[in-house]
file model04.cif (mmCIF, C-alpha atoms)
data_my_file
loop_
_atom_site.label_atom_id
_atom_site.label_comp_id
_atom_site.auth_asym_id
_atom_site.auth_seq_id
_atom_site.Cartn_x
_atom_site.Cartn_y
_atom_site.Cartn_z
CA MET A 1 -9.54 21.48 -7.96
CA THR A 2 -12.62 19.52 -6.85
CA PRO A 3 -12.24 15.77 -7.37
CA ARG A 4 -14.41 14.56 -10.23
CA PHE A 5 -14.88 11.03 -8.85
CA ALA A 6 -16.16 10.07 -5.39
CA PRO A 7 -15.03 6.91 -3.60
CA GLY A 8 -16.99 3.92 -4.91
CA THR A 9 -17.23 5.31 -8.46
CA ARG A 10 -16.49 2.92 -11.34
CA VAL A 11 -13.74 4.33 -13.52
CA ARG A 12 -11.75 3.31 -16.57
CA VAL A 13 -8.09 4.12 -17.07
CA ALA A 14 -7.43 5.96 -20.32
CA GLU A 15 -5.81 3.81 -22.97
CA ARG A 16 -3.22 5.98 -24.60
CA GLY A 17 0.36 5.71 -25.63
CA VAL A 18 2.70 8.31 -24.21
CA SER A 19 6.26 9.39 -24.53
CA GLY A 20 8.04 10.74 -21.50
CA HIS A 21 7.60 10.08 -17.81
CA VAL A 22 4.18 8.93 -16.56
CA ARG A 23 3.10 7.27 -13.32
CA THR A 24 0.25 5.22 -14.81
CA PRO A 25 1.43 1.64 -15.36
CA ARG A 26 0.83 0.28 -18.85
CA TYR A 27 -0.81 -2.87 -17.45
CA VAL A 28 -3.82 -0.98 -16.08
CA ARG A 29 -4.42 1.25 -19.11
CA GLY A 30 -7.87 0.52 -20.54
CA LYS A 31 -8.86 -1.46 -17.41
CA ARG A 32 -11.86 -0.78 -15.18
CA GLY A 33 -11.72 -0.35 -11.43
CA VAL A 34 -13.36 1.41 -8.49
CA VAL A 35 -12.18 4.54 -6.71
CA GLU A 36 -11.07 3.25 -3.29
CA ARG A 37 -10.15 6.69 -1.90
CA ILE A 38 -9.03 10.16 -2.82
CA CYS A 39 -5.37 10.53 -1.82
CA GLY A 40 -5.21 14.31 -2.09
CA ALA A 41 -4.07 16.65 -4.84
CA PHE A 42 -0.56 17.01 -6.15
CA ARG A 43 1.29 18.61 -9.04
CA ASN A 44 1.29 16.56 -12.22
CA PRO A 45 4.43 14.36 -12.21
CA GLU A 46 4.44 14.42 -16.02
CA GLU A 47 4.99 18.21 -15.89
CA LEU A 48 7.40 18.01 -12.94
CA ALA A 49 9.50 15.48 -14.85
CA ARG A 50 10.01 18.05 -17.61
CA GLY A 51 10.98 20.77 -15.15
CA ARG A 52 7.61 22.58 -14.90
CA ARG A 53 7.05 23.16 -11.19
CA ASP A 54 4.28 25.76 -11.15
CA GLY A 55 1.49 23.68 -12.70
CA ASP A 56 -1.89 23.09 -11.05
CA VAL A 57 -2.37 20.41 -8.43
CA ILE A 58 -4.64 17.63 -9.62
CA PRO A 59 -6.52 14.97 -7.64
CA LEU A 60 -4.84 11.62 -7.10
CA TYR A 61 -6.98 8.51 -6.55
CA ARG A 62 -6.33 5.05 -5.27
CA VAL A 63 -8.13 2.81 -7.72
CA ARG A 64 -8.89 -0.82 -6.90
CA PHE A 65 -8.91 -3.38 -9.69
CA ALA A 66 -9.92 -7.03 -9.61
CA GLN A 67 -6.78 -8.99 -10.47
CA ARG A 68 -8.92 -11.03 -12.92
CA ASP A 69 -9.69 -7.80 -14.79
CA VAL A 70 -6.02 -6.81 -15.01
CA TRP A 71 -4.49 -10.16 -15.96
CA PRO A 72 -6.60 -12.22 -18.42
CA ASP A 73 -4.99 -15.51 -17.30
CA TYR A 74 -5.05 -14.75 -13.56
CA ASP A 75 -5.63 -18.00 -11.70
CA GLY A 76 -5.50 -16.80 -8.07
CA SER A 77 -8.45 -16.23 -5.81
CA PRO A 78 -11.34 -14.42 -7.53
CA GLY A 79 -11.38 -11.94 -4.62
CA ASP A 80 -7.80 -10.76 -5.18
CA THR A 81 -7.46 -7.06 -5.87
CA LEU A 82 -4.76 -4.62 -6.92
CA ASP A 83 -4.57 -0.96 -5.80
CA VAL A 84 -2.87 1.60 -8.03
CA GLU A 85 -2.59 5.34 -7.44
CA ILE A 86 -3.69 7.21 -10.56
CA TYR A 87 -4.00 10.91 -11.36
CA GLU A 88 -7.37 12.26 -12.43
CA HIS A 89 -6.41 13.11 -16.01
CA TRP A 90 -5.89 9.39 -16.63
CA LEU A 91 -9.41 8.43 -15.48
CA GLU A 92 -12.72 8.34 -17.31
CA GLY A 93 -16.17 7.51 -15.96
CA ALA A 94 -16.86 3.82 -16.70
CA THR A 95 -20.10 3.18 -18.56
CA GLU A 96 -21.21 -0.25 -17.53
CA MET B 1 31.97 5.20 2.90
CA PRO B 2 30.10 3.20 0.24
CA TRP B 3 29.82 5.33 -2.91
CA GLU B 4 26.08 4.64 -2.99
CA LEU B 5 25.65 6.73 0.17
CA ARG B 6 27.27 9.69 -1.57
CA VAL B 7 24.90 9.30 -4.53
CA ASP B 8 21.94 9.18 -2.15
CA ALA B 9 23.19 12.30 -0.33
CA LEU B 10 23.62 14.09 -3.66
CA MET B 11 20.02 13.27 -4.59
CA TRP B 12 18.74 14.77 -1.31
CA ILE B 13 20.87 17.90 -1.69
CA LEU B 14 19.85 18.51 -5.31
CA SER B 15 16.13 17.99 -4.61
CA ASP B 16 16.08 20.02 -1.37
CA GLY B 17 13.39 22.66 -1.76
CA THR B 18 14.60 24.70 1.23
CA ARG B 19 17.90 25.63 -0.41
CA PRO B 20 18.28 29.17 -1.77
CA GLY B 21 17.24 29.23 -5.41
CA GLY B 22 14.94 26.23 -4.94
CA PRO B 23 15.56 22.58 -5.72
CA ARG B 24 17.96 21.86 -8.60
CA MET B 25 15.77 18.91 -9.61
CA THR B 26 12.70 16.96 -8.56
CA VAL B 27 12.37 13.25 -7.97
CA ASP B 28 10.11 13.21 -11.03
CA GLU B 29 12.98 14.53 -13.14
CA LEU B 30 15.28 11.91 -11.60
CA ARG B 31 12.83 9.20 -12.71
CA ARG B 32 12.54 10.71 -16.19
CA GLY B 33 16.35 10.76 -16.45
CA ILE B 34 16.49 7.08 -15.51
CA GLU B 35 13.82 6.23 -18.08
CA GLU B 36 15.84 8.05 -20.74
CA LEU B 37 18.80 5.68 -20.32
CA THR B 38 19.29 3.25 -23.18
CA PRO B 39 17.61 -0.15 -22.72
CA GLU B 40 21.09 -1.68 -22.29
CA GLN B 41 22.04 0.82 -19.58
CA TYR B 42 18.70 0.37 -17.86
CA ARG B 43 19.24 -3.39 -17.80
CA ASP B 44 22.94 -3.45 -16.85
CA LEU B 45 23.59 -0.50 -14.52
CA ALA B 46 23.33 -0.82 -10.75
CA TYR B 47 20.46 0.97 -9.00
CA PHE B 48 22.51 3.92 -7.75
CA SER B 49 24.50 4.12 -11.00
CA LYS B 50 21.19 4.85 -12.72
CA TRP B 51 20.55 7.66 -10.22
CA LEU B 52 24.01 9.08 -10.85
CA ARG B 53 23.68 8.96 -14.65
CA SER B 54 20.30 10.63 -14.41
CA MET B 55 21.57 13.40 -12.09
CA ILE B 56 24.56 14.09 -14.35
CA ALA B 57 22.26 14.33 -17.39
CA LEU B 58 19.82 16.64 -15.53
CA MET B 59 22.53 18.98 -14.21
CA SER B 60 24.09 19.13 -17.64
CA GLU B 61 20.65 19.77 -19.22
CA ARG B 62 20.01 22.66 -16.80
CA GLY B 63 23.47 24.12 -17.35
CA ILE B 64 24.41 23.74 -13.67
CA VAL B 65 27.49 21.68 -14.37
CA SER B 66 28.73 20.44 -17.73
CA ARG B 67 30.02 16.95 -18.46
CA ASP B 68 33.40 18.49 -19.36
CA GLU B 69 33.64 20.20 -15.94
CA LEU B 70 32.72 16.93 -14.20
CA GLU B 71 35.28 14.94 -16.16
CA GLN B 72 37.97 17.55 -15.55
CA ARG B 73 37.27 17.53 -11.80
CA ALA B 74 37.22 13.72 -11.70
CA ALA B 75 40.61 13.69 -13.46
CA GLU B 76 42.00 16.19 -10.91
CA ILE B 77 40.81 14.04 -8.02
CA ALA B 78 42.24 10.88 -9.58
CA GLU B 79 45.57 12.67 -10.10
CA ALA B 80 45.66 13.97 -6.52
CA GLU B 81 44.91 10.48 -5.20
CA ALA B 82 47.64 8.98 -7.37
CA ARG B 83 50.12 11.59 -6.05
CA GLU B 84 49.12 10.91 -2.45
CA HIS B 85 49.45 7.19 -2.99
CA GLY B 86 52.85 7.74 -4.63
CA SER B 87 54.20 9.89 -1.76
CA ARG B 88 53.00 7.36 0.83
CA SER B 89 54.72 4.43 -0.82
CA ALA B 90 57.93 6.44 -1.37
#
call {"tool": "encode", "arguments": {"input": "model04.cif", "output": "structure tokens"}}
result
Amino acid sequence: MTPRFAPGTRVRVAERGVSGHVRTPRYVRGKRGVVERICGAFRNPEELARGRRDGDVIPLYRVRFAQRDVWPDYDGSPGDTLDVEIYEHWLEGATE
Amino acid sequence: MPWELRVDALMWILSDGTRPGGPRMTVDELRRGIEELTPEQYRDLAYFSKWLRSMIALMSERGIVSRDELEQRAAEIAEAEAREHGSRSA
């Protein structure tokens, strides 16, 4: 599967509620960041967690967020960032 | 041997993909099993206790070993240890 987003692309994490095991932390859902790198492609942990082991591999990205964008009351340095590894099906192109 | 080491070893054995028949579970399933604990269990149980509870639930879910079989075997071991202890002190 060809990665949909190149490094440097602005992306937004999907904002959706889920039941079951997911690797996307709640605190970055709906937040905007930048693709820092493509980490490779792996089977979907949400499927693996339910015992499905023959699913497709999907791209995994390291997405960099400004801490100020993640935490509304963040009072550290404005340059502070947070990297989170997020699977492609959780990412949307950011229109900004 | 600390019991936590045994739990860790069990996790590696059950998730070993090179074993005949494939892995009995994945680390993703282990995480899901931990997340399915009750909030009270999640808060109160020790780290490796959570692993153990999750592995028991997964093996029971997959029909590899039932909770009854586990409890029966645990009772047998406890009995054997009690006997051994009894014969030593006699």
call {"tool": "residues_near_point", "arguments": {"input": "model04.cif", "point": "(1.1, 20.6, -12.1)", "cutoff": "9 Å", "atoms": "only C-alpha atoms", "output": "PyMOL selection string"}}
result
chain A and resi 42-48+52-58
call {"tool": "interface_residues", "arguments": {"input": "model04.cif", "of": "chain B", "to": "chain A", "cutoff": "7 Å", "atoms": "all atoms listed in the file", "output": "VMD selection string"}}
result
chain B and resid 26 28 to 29 32
call {"tool": "resolve_selection", "arguments": {"input": "model04.cif", "expression": "the PyMOL selection byres ((chain A and resi 26-39) around 7)", "output": "list in words"}}
result
Ala6, Pro7, Gly8, Thr9, Arg10, Val11, Arg12, Val13, Ala14, Glu15, Thr24, Pro25, Gly40, Ala41, Leu60, Tyr61, Arg62, Val63, Arg64, Phe65, Asp69, Val70 and Ala94 of chain A
call {"tool": "residues_around", "arguments": {"input": "model04.cif", "residues": "region 7-14 of chain B", "least_positions_apart": "6", "cutoff": "6 Å", "atoms": "only C-alpha atoms", "output": "list in words"}}
result
Pro23, Arg24 and Met25 of chain B
call {"tool": "atom_distance", "arguments": {"input": "model04.cif", "atom1": "CA of Pro59 (chain A)", "atom2": "CA of Gly17 (chain A)"}}
result
21.4 Å
call {"tool": "resolve_selection", "arguments": {"input": "model04.cif", "expression": "the PyMOL selection byres ((chain B and resi 57) around 12)", "output": "PDB file with C-alpha atoms, in the coordinates of the input"}}
result
ATOM      1  CA  MET B  25      15.770  18.910  -9.610  1.00  0.00           C
ATOM      2  CA  GLU B  29      12.980  14.530 -13.140  1.00  0.00           C
ATOM      3  CA  LEU B  30      15.280  11.910 -11.600  1.00  0.00           C
ATOM      4  CA  ARG B  31      12.830   9.200 -12.710  1.00  0.00           C
ATOM      5  CA  ARG B  32      12.540  10.710 -16.190  1.00  0.00           C
ATOM      6  CA  GLY B  33      16.350  10.760 -16.450  1.00  0.00           C
ATOM      7  CA  ILE B  34      16.490   7.080 -15.510  1.00  0.00           C
ATOM      8  CA  GLU B  35      13.820   6.230 -18.080  1.00  0.00           C
ATOM      9  CA  GLU B  36      15.840   8.050 -20.740  1.00  0.00           C
ATOM     10  CA  LEU B  37      18.800   5.680 -20.320  1.00  0.00           C
ATOM     11  CA  LYS B  50      21.190   4.850 -12.720  1.00  0.00           C
ATOM     12  CA  TRP B  51      20.550   7.660 -10.220  1.00  0.00           C
ATOM     13  CA  LEU B  52      24.010   9.080 -10.850  1.00  0.00           C
ATOM     14  CA  ARG B  53      23.680   8.960 -14.650  1.00  0.00           C
ATOM     15  CA  SER B  54      20.300  10.630 -14.410  1.00  0.00           C
ATOM     16  CA  MET B  55      21.570  13.400 -12.090  1.00  0.00           C
ATOM     17  CA  ILE B  56      24.560  14.090 -14.350  1.00  0.00           C
ATOM     18  CA  LEU B  58      19.820  16.640 -15.530  1.00  0.00           C
ATOM     19  CA  MET B  59      22.530  18.980 -14.210  1.00  0.00           C
ATOM     20  CA  SER B  60      24.090  19.130 -17.640  1.00  0.00           C
ATOM     21  CA  GLU B  61      20.650  19.770 -19.220  1.00  0.00           C
ATOM     22  CA  ARG B  62      20.010  22.660 -16.800  1.00  0.00           C
ATOM     23  CA  GLY B  63      23.470  24.120 -17.350  1.00  0.00           C
ATOM     24  CA  ILE B  64      24.410  23.740 -13.670  1.00  0.00           C
ATOM     25  CA  VAL B  65      27.490  21.680 -14.370  1.00  0.00           C
ATOM     26  CA  SER B  66      28.730  20.440 -17.730  1.00  0.00           C
ATOM     27  CA  ARG B  67      30.020  16.950 -18.460  1.00  0.00           C
ATOM     28  CA  LEU B  70      32.720  16.930 -14.200  1.00  0.00           C
TER      29      LEU B  70
END
call {"tool": "build_atoms", "arguments": {"input": "model04.cif", "residues": "region 71-83 of chain B", "atoms": "N, CA and C atoms", "output": "JSON list (two decimals), in the coordinates of the input"}}
result
[["chain", "number", "residue", "atom", "x", "y", "z"],
["B", 71, "GLU", "N", 34.17, 15.82, -15.80],
["B", 71, "GLU", "CA", 35.28, 14.94, -16.16],
["B", 71, "GLU", "C", 36.62, 15.54, -15.77],
["B", 72, "GLN", "N", 36.72, 16.87, -15.92],
["B", 72, "GLN", "CA", 37.97, 17.55, -15.55],
["B", 72, "GLN", "C", 38.22, 17.41, -14.04],
["B", 73, "ARG", "N", 37.15, 17.62, -13.26],
["B", 73, "ARG", "CA", 37.27, 17.53, -11.80],
["B", 73, "ARG", "C", 37.59, 16.10, -11.37],
["B", 74, "ALA", "N", 36.96, 15.13, -12.03],
["B", 74, "ALA", "CA", 37.22, 13.72, -11.70],
["B", 74, "ALA", "C", 38.68, 13.39, -11.99],
["B", 75, "ALA", "N", 39.21, 13.93, -13.10],
["B", 75, "ALA", "CA", 40.61, 13.69, -13.46],
["B", 75, "ALA", "C", 41.54, 14.31, -12.42],
["B", 76, "GLU", "N", 41.20, 15.52, -11.94],
["B", 76, "GLU", "CA", 42.00, 16.19, -10.91],
["B", 76, "GLU", "C", 42.05, 15.36, -9.63],
["B", 77, "ILE", "N", 40.88, 14.84, -9.25],
["B", 77, "ILE", "CA", 40.81, 14.04, -8.02],
["B", 77, "ILE", "C", 41.64, 12.76, -8.18],
["B", 78, "ALA", "N", 41.50, 12.12, -9.34],
["B", 78, "ALA", "CA", 42.24, 10.88, -9.58],
["B", 78, "ALA", "C", 43.75, 11.15, -9.53],
["B", 79, "GLU", "N", 44.15, 12.30, -10.09],
["B", 79, "GLU", "CA", 45.57, 12.67, -10.10],
["B", 79, "GLU", "C", 46.07, 12.90, -8.68],
["B", 80, "ALA", "N", 45.28, 13.67, -7.90],
["B", 80, "ALA", "CA", 45.66, 13.97, -6.52],
["B", 80, "ALA", "C", 45.79, 12.69, -5.70],
["B", 81, "GLU", "N", 44.85, 11.75, -5.93],
["B", 81, "GLU", "CA", 44.91, 10.48, -5.20],
["B", 81, "GLU", "C", 46.13, 9.67, -5.60],
["B", 82, "ALA", "N", 46.46, 9.71, -6.88],
["B", 82, "ALA", "CA", 47.64, 8.98, -7.37],
["B", 82, "ALA", "C", 48.91, 9.56, -6.75],
["B", 83, "ARG", "N", 48.96, 10.91, -6.66],
["B", 83, "ARG", "CA", 50.12, 11.59, -6.05],
["B", 83, "ARG", "C", 50.26, 11.20, -4.58]]
